[in-house]
>>> print(open('start.csv').read())   # CSV, C-alpha atoms
chain,number,residue,atom,x,y,z
A,1,MET,CA,-70.6,6.9,20.2
A,2,ALA,CA,-74.0,6.3,21.8
A,3,LEU,CA,-74.3,3.1,23.7
A,4,SER,CA,-76.4,0.4,22.2
A,5,GLY,CA,-78.9,-1.1,24.6
A,6,VAL,CA,-77.1,-4.5,24.7
A,7,TYR,CA,-74.0,-6.1,23.4
A,8,ALA,CA,-72.8,-9.6,22.7
A,9,VAL,CA,-69.4,-11.3,22.2
A,10,ALA,CA,-68.4,-10.3,18.7
A,11,SER,CA,-67.7,-13.7,17.2
A,12,LYS,CA,-66.9,-17.3,18.0
A,13,ASP,CA,-63.2,-16.5,17.9
A,14,ILE,CA,-63.6,-14.4,21.1
A,15,VAL,CA,-63.3,-16.7,24.1
A,16,PHE,CA,-63.0,-15.8,27.7
A,17,GLU,CA,-62.7,-17.1,31.2
A,18,SER,CA,-62.7,-15.6,34.6
A,19,PHE,CA,-60.1,-16.4,37.3
A,20,ASP,CA,-60.3,-15.0,40.8
A,21,GLY,CA,-62.9,-12.6,39.5
A,22,GLU,CA,-60.6,-11.3,36.8
A,23,ALA,CA,-61.5,-11.8,33.1
A,24,VAL,CA,-59.1,-12.8,30.4
A,25,VAL,CA,-60.2,-12.7,26.8
A,26,LEU,CA,-58.5,-14.4,23.8
A,27,ASP,CA,-59.1,-13.5,20.1
A,28,LEU,CA,-58.4,-16.8,18.4
A,29,SER,CA,-58.4,-15.2,14.9
A,30,ASN,CA,-55.3,-13.0,15.6
A,31,GLY,CA,-53.8,-14.4,18.8
A,32,LYS,CA,-54.2,-11.3,20.8
A,33,TYR,CA,-55.2,-11.6,24.4
A,34,PHE,CA,-56.7,-9.0,26.7
A,35,GLY,CA,-56.6,-8.2,30.4
A,36,PHE,CA,-58.7,-5.9,32.4
A,37,SER,CA,-58.6,-3.7,35.5
A,38,ASP,CA,-60.8,-4.8,38.3
A,39,SER,CA,-63.7,-2.6,37.2
A,40,GLY,CA,-63.1,-3.5,33.6
A,41,SER,CA,-63.4,-7.2,34.5
A,42,LYS,CA,-66.8,-6.6,36.1
A,43,VAL,CA,-68.1,-4.6,33.2
A,44,TRP,CA,-66.8,-7.1,30.7
A,45,GLN,CA,-68.5,-10.0,32.5
A,46,ALA,CA,-71.8,-8.1,32.6
A,47,LEU,CA,-71.8,-7.0,29.0
A,48,SER,CA,-70.6,-10.3,27.6
A,49,SER,CA,-73.3,-12.1,29.4
A,50,GLY,CA,-76.0,-9.8,27.9
A,51,VAL,CA,-76.6,-7.3,30.7
A,52,GLY,CA,-78.1,-4.1,29.2
A,53,THR,CA,-76.2,-0.9,29.3
A,54,GLU,CA,-79.0,1.0,31.0
A,55,ALA,CA,-79.0,-1.6,33.8
A,56,LEU,CA,-75.3,-1.4,33.9
A,57,ILE,CA,-75.2,2.4,34.3
A,58,LEU,CA,-77.7,2.1,37.1
A,59,SER,CA,-75.6,-0.5,38.8
A,60,ALA,CA,-72.6,1.8,38.5
A,61,GLU,CA,-74.2,4.8,40.2
A,62,GLY,CA,-72.3,4.2,43.5
A,63,ALA,CA,-69.1,3.3,41.8
A,64,ALA,CA,-66.4,5.9,41.8
A,65,MET,CA,-64.4,4.2,39.0
A,66,VAL,CA,-67.3,3.7,36.6
A,67,GLY,CA,-68.9,6.9,35.4
A,68,ALA,CA,-71.3,6.9,32.5
A,69,ASP,CA,-68.8,8.7,30.2
A,70,ALA,CA,-66.0,6.4,31.1
A,71,LEU,CA,-68.3,3.4,30.5
A,72,GLU,CA,-69.2,4.7,27.0
A,73,THR,CA,-65.5,5.1,26.1
A,74,PHE,CA,-64.7,1.7,27.5
A,75,VAL,CA,-67.5,0.0,25.5
A,76,ALA,CA,-66.4,1.8,22.4
A,77,ARG,CA,-62.9,0.5,22.9
A,78,LEU,CA,-64.2,-3.1,23.3
A,79,VAL,CA,-66.2,-2.7,20.1
A,80,GLU,CA,-63.2,-1.2,18.3
A,81,LEU,CA,-61.0,-4.2,19.5
A,82,GLY,CA,-63.5,-6.6,18.0
A,83,LEU,CA,-64.5,-8.1,21.3
A,84,LEU,CA,-68.1,-6.9,21.5
A,85,ALA,CA,-70.7,-6.0,19.0
A,86,PRO,CA,-74.2,-4.4,19.3
A,87,SER,CA,-76.8,-7.1,19.7
A,88,SER,CA,-80.6,-7.2,19.1
A,89,ALA,CA,-81.1,-9.5,22.0
A,90,THR,CA,-83.3,-8.5,24.9
A,91,PRO,CA,-81.1,-6.9,27.6
A,92,LEU,CA,-80.7,-8.8,30.8
A,93,PRO,CA,-80.9,-7.2,34.2
A,94,SER,CA,-77.8,-6.7,36.2
A,95,PRO,CA,-76.9,-9.4,38.7
A,96,ASP,CA,-77.8,-8.4,42.2
A,97,ASP,CA,-74.2,-8.3,43.4
A,98,LEU,CA,-73.0,-6.1,40.5
A,99,PRO,CA,-73.5,-2.7,42.2
A,100,ALA,CA,-71.4,-3.8,45.2
A,101,ALA,CA,-68.7,-5.3,43.0
A,102,LEU,CA,-68.5,-2.1,40.9
A,103,ALA,CA,-68.4,0.0,44.1
A,104,ALA,CA,-65.6,-2.0,45.4
A,105,ALA,CA,-63.4,-1.6,42.3
A,106,SER,CA,-60.3,0.4,42.9
A,107,GLU,CA,-59.0,0.8,39.3
A,108,PRO,CA,-60.5,2.8,36.4
A,109,LEU,CA,-62.0,1.0,33.5
A,110,ASP,CA,-59.2,-0.3,31.4
A,111,VAL,CA,-58.4,-3.1,28.9
A,112,SER,CA,-54.8,-4.1,28.0
A,113,VAL,CA,-53.9,-5.7,24.7
A,114,HIS,CA,-51.1,-8.2,24.3
A,115,ASP,CA,-49.9,-10.0,21.2
A,116,ASP,CA,-46.7,-11.8,22.3
A,117,LEU,CA,-48.3,-15.2,22.4
A,118,ALA,CA,-50.1,-14.9,19.1
A,119,ASP,CA,-48.5,-18.0,17.5
A,120,LEU,CA,-49.5,-20.1,20.5
A,121,ILE,CA,-53.0,-18.8,20.7
A,122,THR,CA,-54.0,-19.1,17.1
A,123,VAL,CA,-53.1,-22.8,17.0
A,124,ASP,CA,-53.2,-24.1,20.4
A,125,PRO,CA,-55.5,-25.4,22.0
A,126,ILE,CA,-58.8,-23.6,22.4
A,127,HIS,CA,-60.3,-24.3,19.1
A,128,GLU,CA,-63.2,-26.6,18.9
A,129,VAL,CA,-62.2,-29.8,17.2
A,130,GLU,CA,-64.0,-31.1,14.2
A,131,GLU,CA,-63.9,-34.8,14.5
A,132,PRO,CA,-62.5,-35.6,11.1
A,133,LEU,CA,-59.6,-33.3,11.5
A,134,GLY,CA,-58.6,-34.2,15.0
A,135,TRP,CA,-56.3,-32.0,16.9
A,136,PRO,CA,-54.6,-29.6,16.5
A,137,ALA,CA,-57.3,-28.1,14.3
A,138,VAL,CA,-55.9,-24.8,13.2
A,139,LYS,CA,-57.5,-21.6,12.0
A,140,GLN,CA,-55.6,-19.9,9.3
A,141,VAL,CA,-54.1,-16.6,10.4
A,142,PRO,CA,-55.2,-14.0,7.8
B,1,MET,CA,-22.1,-32.9,31.8
B,2,ARG,CA,-24.7,-34.5,34.1
B,3,LEU,CA,-28.1,-34.3,32.3
B,4,SER,CA,-31.1,-35.4,34.2
B,5,VAL,CA,-34.2,-36.3,32.2
B,6,ILE,CA,-37.5,-36.5,34.1
B,7,MET,CA,-40.1,-38.9,32.7
B,8,PRO,CA,-43.5,-39.2,34.4
B,9,VAL,CA,-45.3,-42.4,33.5
B,10,HIS,CA,-48.9,-43.3,34.0
B,11,ASN,CA,-50.2,-46.5,32.2
B,12,ARG,CA,-47.9,-46.2,29.2
B,13,GLU,CA,-46.6,-49.8,29.2
B,14,THR,CA,-46.8,-49.9,25.4
B,15,TYR,CA,-44.6,-46.9,24.8
B,16,VAL,CA,-42.3,-46.4,27.8
B,17,ARG,CA,-39.7,-48.8,26.7
B,18,ALA,CA,-39.3,-47.0,23.4
B,19,ALA,CA,-39.1,-43.7,25.1
B,20,LEU,CA,-36.3,-45.0,27.4
B,21,ARG,CA,-34.4,-46.6,24.6
B,22,SER,CA,-34.5,-43.3,22.7
B,23,LEU,CA,-32.7,-41.8,25.7
B,24,LEU,CA,-30.3,-44.6,26.3
B,25,ARG,CA,-29.0,-44.5,22.7
B,26,GLN,CA,-27.6,-41.1,23.6
B,27,ARG,CA,-25.6,-42.1,26.6
B,28,ALA,CA,-22.3,-41.2,24.9
B,29,ALA,CA,-23.4,-37.6,24.6
B,30,ALA,CA,-24.0,-36.9,28.2
B,31,ASP,CA,-23.7,-38.2,31.7
B,32,LEU,CA,-27.3,-39.3,31.6
B,33,ASP,CA,-29.5,-39.6,34.7
B,34,ILE,CA,-33.1,-40.7,33.9
B,35,ILE,CA,-35.6,-40.1,36.6
B,36,VAL,CA,-38.8,-42.1,36.0
B,37,ILE,CA,-41.8,-41.2,38.2
B,38,ASP,CA,-44.4,-44.0,38.0
B,39,ASP,CA,-47.5,-42.1,38.9
B,40,GLY,CA,-49.7,-44.9,40.2
B,41,SER,CA,-49.8,-47.0,37.0
B,42,THR,CA,-52.1,-50.0,37.1
B,43,ASP,CA,-50.6,-51.7,34.1
B,44,GLY,CA,-47.1,-53.1,33.6
B,45,SER,CA,-45.3,-49.7,33.2
B,46,ALA,CA,-43.2,-50.0,36.3
B,47,GLN,CA,-42.2,-53.6,35.4
B,48,ALA,CA,-41.3,-52.5,31.9
B,49,VAL,CA,-39.0,-49.8,33.4
B,50,ARG,CA,-37.5,-52.1,36.0
B,51,ALA,CA,-36.7,-54.7,33.4
B,52,MET,CA,-34.4,-52.1,31.7
B,53,MET,CA,-32.6,-51.0,34.8
B,54,ASP,CA,-30.1,-53.9,35.0
B,55,GLU,CA,-28.7,-52.9,31.7
B,56,ALA,CA,-29.1,-49.2,32.4
B,57,PRO,CA,-28.2,-48.2,35.9
B,58,CYS,CA,-28.7,-44.6,34.9
B,59,ILE,CA,-32.4,-45.1,35.1
B,60,ARG,CA,-33.9,-44.4,38.6
B,61,LEU,CA,-37.5,-45.4,39.1
B,62,PHE,CA,-39.7,-43.9,41.8
B,63,GLN,CA,-43.3,-45.1,42.3
B,64,GLN,CA,-46.0,-43.0,43.9
B,65,GLU,CA,-49.7,-42.9,44.2
B,66,ASN,CA,-51.5,-41.3,41.4
B,67,MET,CA,-51.1,-37.5,41.7
B,68,GLY,CA,-51.5,-36.4,38.1
B,69,VAL,CA,-48.9,-35.2,35.8
B,70,THR,CA,-48.1,-31.9,37.6
B,71,GLY,CA,-47.4,-33.6,40.8
B,72,ALA,CA,-45.3,-36.3,39.0
B,73,ARG,CA,-43.2,-33.7,37.3
B,74,ASN,CA,-42.5,-32.0,40.7
B,75,SER,CA,-41.6,-35.4,42.2
B,76,GLY,CA,-39.0,-35.7,39.4
B,77,LEU,CA,-37.6,-32.3,40.3
B,78,LYS,CA,-37.3,-33.3,43.9
B,79,ARG,CA,-35.2,-36.3,42.9
B,80,LEU,CA,-32.5,-34.2,41.2
B,81,GLU,CA,-29.2,-34.7,42.8
B,82,PRO,CA,-26.6,-32.1,43.5
B,83,GLU,CA,-24.4,-33.3,40.5
B,84,THR,CA,-27.1,-32.5,38.0
B,85,GLU,CA,-26.1,-29.6,35.8
B,86,LEU,CA,-28.8,-29.8,33.1
B,87,VAL,CA,-32.4,-30.8,33.2
B,88,SER,CA,-34.8,-31.9,30.5
B,89,PHE,CA,-38.1,-33.9,30.3
B,90,LEU,CA,-39.4,-36.6,28.1
B,91,ASP,CA,-43.0,-37.9,28.2
B,92,SER,CA,-43.3,-41.6,28.3
B,93,ASP,CA,-45.0,-41.8,24.9
B,94,ASP,CA,-42.6,-39.5,23.0
B,95,ILE,CA,-39.2,-40.2,21.4
B,96,SER,CA,-35.9,-38.4,21.8
B,97,PRO,CA,-34.3,-38.3,18.3
B,98,ALA,CA,-30.8,-39.7,18.0
B,99,GLY,CA,-28.3,-36.8,18.3
B,100,ARG,CA,-30.7,-34.5,20.1
B,101,PHE,CA,-28.5,-34.2,23.2
B,102,ALA,CA,-25.2,-34.1,21.5
B,103,ALA,CA,-26.4,-31.1,19.4
B,104,ASP,CA,-27.8,-29.0,22.2
B,105,LEU,CA,-25.3,-29.8,24.9
B,106,ASP,CA,-22.7,-28.4,22.7
B,107,PHE,CA,-24.2,-25.0,23.1
B,108,PHE,CA,-23.8,-25.3,26.9
B,109,ARG,CA,-20.2,-26.4,26.6
B,110,ARG,CA,-19.4,-23.4,24.4
B,111,ASP,CA,-21.2,-20.9,26.6
B,112,PRO,CA,-21.0,-21.6,30.4
B,113,SER,CA,-23.5,-18.8,31.1
B,114,LEU,CA,-26.2,-20.3,28.8
B,115,GLU,CA,-29.4,-21.2,30.8
B,116,LEU,CA,-31.7,-22.7,28.2
B,117,THR,CA,-31.8,-24.2,24.7
B,118,TYR,CA,-35.3,-24.4,23.2
B,119,SER,CA,-35.4,-26.5,20.0
B,120,ARG,CA,-38.0,-27.8,17.6
B,121,MET,CA,-40.4,-30.7,17.7
B,122,MET,CA,-41.8,-33.0,15.1
B,123,LEU,CA,-45.4,-34.2,15.2
B,124,VAL,CA,-45.5,-37.6,13.5
B,125,ASP,CA,-48.1,-40.3,13.1
B,126,ARG,CA,-45.9,-43.3,12.6
B,127,ILE,CA,-42.6,-44.3,14.2
B,128,ASP,CA,-40.6,-47.4,13.5
B,129,GLU,CA,-40.3,-49.1,16.9
B,130,GLU,CA,-36.9,-50.6,16.0
B,131,THR,CA,-35.1,-47.6,14.7
B,132,LEU,CA,-37.2,-45.1,16.7
B,133,GLU,CA,-37.3,-42.9,13.7
B,134,PRO,CA,-40.4,-41.8,11.7
B,135,THR,CA,-41.3,-44.5,9.1
B,136,PRO,CA,-40.8,-43.5,5.4
B,137,ASP,CA,-44.6,-43.3,4.9
B,138,SER,CA,-45.2,-41.3,8.0
B,139,ASN,CA,-46.8,-37.8,8.0
B,140,SER,CA,-45.0,-35.2,10.0
B,141,ILE,CA,-44.6,-31.5,10.6
B,142,THR,CA,-41.8,-29.7,12.5
B,143,VAL,CA,-42.5,-26.6,14.6
B,144,ARG,CA,-41.0,-24.7,17.5
B,145,GLY,CA,-44.0,-25.6,19.7
B,146,ILE,CA,-44.7,-25.5,23.4
B,147,HIS,CA,-43.3,-28.6,24.9
B,148,LEU,CA,-41.0,-29.2,27.8
B,149,THR,CA,-38.9,-31.7,25.9
B,150,ALA,CA,-37.9,-28.9,23.5
B,151,ALA,CA,-36.0,-27.4,26.4
B,152,ILE,CA,-32.8,-28.2,28.1
B,153,PHE,CA,-32.6,-26.1,31.3
B,154,SER,CA,-29.5,-25.3,33.3
B,155,ARG,CA,-30.0,-26.4,36.9
B,156,ARG,CA,-29.7,-22.8,38.0
B,157,LEU,CA,-32.6,-21.8,35.7
B,158,VAL,CA,-34.8,-24.7,37.0
B,159,ASP,CA,-34.1,-23.5,40.5
B,160,ARG,CA,-35.0,-19.9,39.5
B,161,ILE,CA,-38.3,-21.0,37.8
B,162,GLY,CA,-39.3,-23.0,40.8
B,163,GLY,CA,-41.5,-26.1,40.6
B,164,PHE,CA,-44.6,-26.8,38.5
B,165,ASP,CA,-47.7,-25.0,39.8
B,166,GLU,CA,-50.0,-27.6,41.2
B,167,ASP,CA,-53.0,-25.4,40.7
B,168,PHE,CA,-52.9,-26.7,37.2
B,169,VAL,CA,-54.4,-30.1,36.3
B,170,GLN,CA,-53.2,-29.4,32.7
B,171,ALA,CA,-51.2,-26.8,30.9
B,172,GLU,CA,-48.6,-27.0,33.8
B,173,ASP,CA,-46.0,-27.3,31.1
B,174,THR,CA,-47.2,-24.1,29.3
B,175,ASP,CA,-47.1,-22.3,32.6
B,176,PHE,CA,-43.6,-23.5,33.5
B,177,LEU,CA,-42.2,-22.5,30.1
B,178,LEU,CA,-43.9,-19.1,30.3
B,179,ARG,CA,-42.5,-18.5,33.7
B,180,GLY,CA,-39.1,-19.6,32.4
B,181,PHE,CA,-39.0,-17.2,29.5
B,182,GLU,CA,-40.5,-14.3,31.6
B,183,ILE,CA,-37.5,-14.2,33.9
B,184,GLY,CA,-35.2,-13.5,31.0
B,185,PRO,CA,-32.9,-16.4,30.9
B,186,ARG,CA,-29.9,-16.5,28.5
B,187,TYR,CA,-31.2,-18.8,25.8
B,188,VAL,CA,-30.7,-20.0,22.2
B,189,LEU,CA,-33.2,-21.4,19.8
B,190,PRO,CA,-31.4,-24.2,17.9
B,191,ASP,CA,-32.8,-25.9,14.9
B,192,THR,CA,-32.2,-29.3,16.7
B,193,LEU,CA,-35.1,-31.7,16.5
B,194,ALA,CA,-35.7,-32.3,20.2
B,195,LEU,CA,-38.5,-34.8,20.1
B,196,TYR,CA,-40.8,-36.9,18.0
B,197,TYR,CA,-44.3,-36.2,19.3
B,198,ARG,CA,-46.6,-39.1,18.6
B,199,ARG,CA,-50.1,-38.2,17.5
B,200,HIS,CA,-52.1,-41.3,18.3
B,201,ALA,CA,-55.5,-42.2,19.7
B,202,GLY,CA,-54.3,-42.4,23.3
B,203,ASN,CA,-53.1,-38.9,23.8
B,204,MET,CA,-54.9,-35.6,23.8
B,205,THR,CA,-56.9,-35.8,20.6
B,206,ARG,CA,-59.8,-33.7,21.7
B,207,LEU,CA,-59.7,-30.6,23.8
B,208,GLU,CA,-62.2,-30.7,26.6
B,209,ASP,CA,-63.4,-27.6,28.3
B,210,VAL,CA,-61.0,-28.1,31.2
B,211,GLN,CA,-58.1,-28.0,28.8
B,212,SER,CA,-59.1,-24.8,27.3
B,213,ARG,CA,-59.7,-23.3,30.7
B,214,GLU,CA,-56.3,-24.5,31.9
B,215,PHE,CA,-54.5,-23.0,28.9
B,216,MET,CA,-56.3,-19.7,29.5
B,217,ARG,CA,-55.3,-19.9,33.1
B,218,ALA,CA,-51.7,-20.1,32.1
B,219,ILE,CA,-52.0,-17.0,29.9
B,220,TYR,CA,-53.9,-15.2,32.6
B,221,LYS,CA,-51.3,-16.0,35.2
B,222,SER,CA,-48.5,-14.8,32.9
B,223,MET,CA,-50.3,-11.6,32.3
B,224,LYS,CA,-50.9,-11.0,36.0
B,225,ARG,CA,-47.2,-11.7,36.8
B,226,ARG,CA,-46.0,-9.2,34.2
B,227,ARG,CA,-48.5,-6.6,35.4
B,228,ALA,CA,-47.3,-7.0,39.0
B,229,ASN,CA,-43.6,-7.1,38.0
B,230,PRO,CA,-42.7,-5.0,34.9
B,231,SER,CA,-39.2,-6.4,34.9
B,232,LEU,CA,-40.6,-9.6,33.6
B,233,ARG,CA,-40.3,-10.1,29.8
B,234,PRO,CA,-42.9,-10.5,27.2
B,235,ILE,CA,-42.6,-13.8,25.4
B,236,ASP,CA,-42.0,-12.5,21.8
B,237,GLY,CA,-40.5,-14.6,19.1
B,238,ILE,CA,-40.1,-17.9,20.8
B,239,PHE,CA,-42.9,-20.1,19.3
B,240,GLU,CA,-43.2,-20.8,15.6
B,241,LEU,CA,-46.3,-22.7,15.1
B,242,LYS,CA,-48.0,-21.4,12.0
B,243,LYS,CA,-47.0,-24.4,10.0
B,244,LEU,CA,-49.4,-26.4,12.1
B,245,ALA,CA,-52.0,-25.1,9.7
B,246,ASP,CA,-50.9,-27.8,7.4
B,247,TRP,CA,-51.5,-30.6,9.9
B,248,ARG,CA,-54.6,-32.2,8.5
B,249,PHE,CA,-54.0,-35.8,8.4
B,250,MET,CA,-55.0,-37.4,11.7
>>> encode(input="start.csv", output="structure tokens")
Amino acid sequence: MALSGVYAVASKDIVFESFDGEAVVLDLSNGKYFGFSDSGSKVWQALSSGVGTEALILSAEGAAMVGADALETFVARLVELGLLAPSSATPLPSPDDLPAALAAASEPLDVSVHDDLADLITVDPIHEVEEPLGWPAVKQVP
Amino acid sequence: MRLSVIMPVHNRETYVRAALRSLLRQRAAADLDIIVIDDGSTDGSAQAVRAMMDEAPCIRLFQQENMGVTGARNSGLKRLEPETELVSFLDSDDISPAGRFAADLDFFRRDPSLELTYSRMMLVDRIDEETLEPTPDSNSITVRGIHLTAAIFSRRLVDRIGGFDEDFVQAEDTDFLLRGFEIGPRYVLPDTLALYYRRHAGNMTRLEDVQSREFMRAIYKSMKRRRANPSLRPIDGIFELKKLADWRFM
């Protein structure tokens, strides 16, 4: 799969946070959650914030763990998992500290998928609340 | 069996009497020890608790400056005495149903190696303040949710889990339960109704950004622990919450 120029988070059901530089992503539609290797966290943070793939590849030139082929495979995996989708937005440049962060990564690009907390995640407690419904406002699991 | 129930209180004057009464009505089922941590209330919560202590010496009240719920729960754990065999929690605005302890303590009596019962909870919008039961016209739904009061822990398991993680300003209960299940305790999932969980204007009706972030932090920490220690267990098949999709009335 050729890389699109820029990606965006695939839907409103995909929510994410970063703790100690590590990303965690939840898919509220099916309750799956996702963890990343250190390099994967950096790449997720860049792509999900609209950094273009060309800029990302340039930023990864000095990074042993993030080759162009591996990046393409990784992005395809994120698209396949429904976390990212190609976007028509204007690509953003890489943050200044991204090359150093990628170079410092010690693990290959990787995303792990977990579904043991699906019941909890699909109902509790991330969803935006529509005022008339109050909480918990629950999305039906398909 | 000595059962200690930890109840943090912060400005819940209106509800704390009912919460305590719901425990005291079960004194026949257990050697009950109620540890109330008044976390810097500025209303009459402490007085309300103290007024019940003459009649109920099993209530122990400790007052502290406001630390937040995580610190208050840890203060409760520090007040456990050596005699305590079982530990549970009740928030000061919830109700422990009649018969709750009798039902689940029976599992511990029959299996001395049991470390945890994890029962069901009812979300309910109206409770009769005399009977402490849902009113006939109340709306309710019963799930196996994520709530400390659903659990009765053996003392040994509480010691294995350790205290509440004070990094959390919220979701400390989620984190505690996830840590508890990860270490693979011997548990049962009874159909006992372990609490009536009031849905009212005063408790968390809206989720702020910080709550979402704290919940995600609990999941992140669980994932990280299990990555670092493959002997920890995934948390499959504990929570049954899908019926909450029907909760549409508040």
>>> closest_residue(input="start.csv", among="B:Ser88, B:Ala194, B:Ile35, B:Leu20", to="Ala103 (chain B)", atoms="only C-alpha atoms")
B:Ala194
>>> residues_around(input="start.csv", residues="region 46-59 of chain A", least_positions_apart="3", cutoff="10 Å", atoms="all atoms listed in the file", output="PyMOL selection string")
chain A and resi 3-10+16+40-43+62-63+66-69+71-72+75+83-85+87+89-103
>>> atom_distance(input="start.csv", atom1="CA of Gly31 (chain A)", atom2="CA of His114 (chain A)")
8.7 Å
>>> atom_distance(input="start.csv", atom1="CA of Ala105 (chain A)", atom2="CA of Phe168 (chain B)")
27.7 Å
>>> closest_residue(input="start.csv", among="A:Ser11, A:Leu78, A:Met65, A:Tyr33", to="chain B", atoms="only C-alpha atoms")
A:Tyr33
>>> residues_around(input="start.csv", residues="Ser45 (chain B)", least_positions_apart="2", cutoff="8 Å", atoms="all atoms listed in the file", output="MDAnalysis selection string")
chainID B and resid 9:14 16 38 41:43 47:49
>>> closest_residue(input="start.csv", among="A:Val79, A:Ala104, A:Leu120, A:Leu28", to="chain B", atoms="only C-alpha atoms")
A:Leu120
>>> closest_residue(input="start.csv", among="B:Arg100, B:Arg179, B:Arg156, B:Arg144", to="chain A", atoms="all atoms listed in the file")
B:Arg144
>>> atom_distance(input="start.csv", atom1="CA of Ile37 (chain B)", atom2="CA of Thr192 (chain B)")
26.4 Å
>>> closest_residue(input="start.csv", among="A:Ile14, A:Ala76, A:Ala60, A:Ala23", to="chain B", atoms="only C-alpha atoms")
A:Ala23
>>> closest_residue(input="start.csv", among="B:Lys221, B:Arg2, B:Arg110, B:Arg226", to="Ser154 (chain B)", atoms="all atoms listed in the file")
B:Arg2
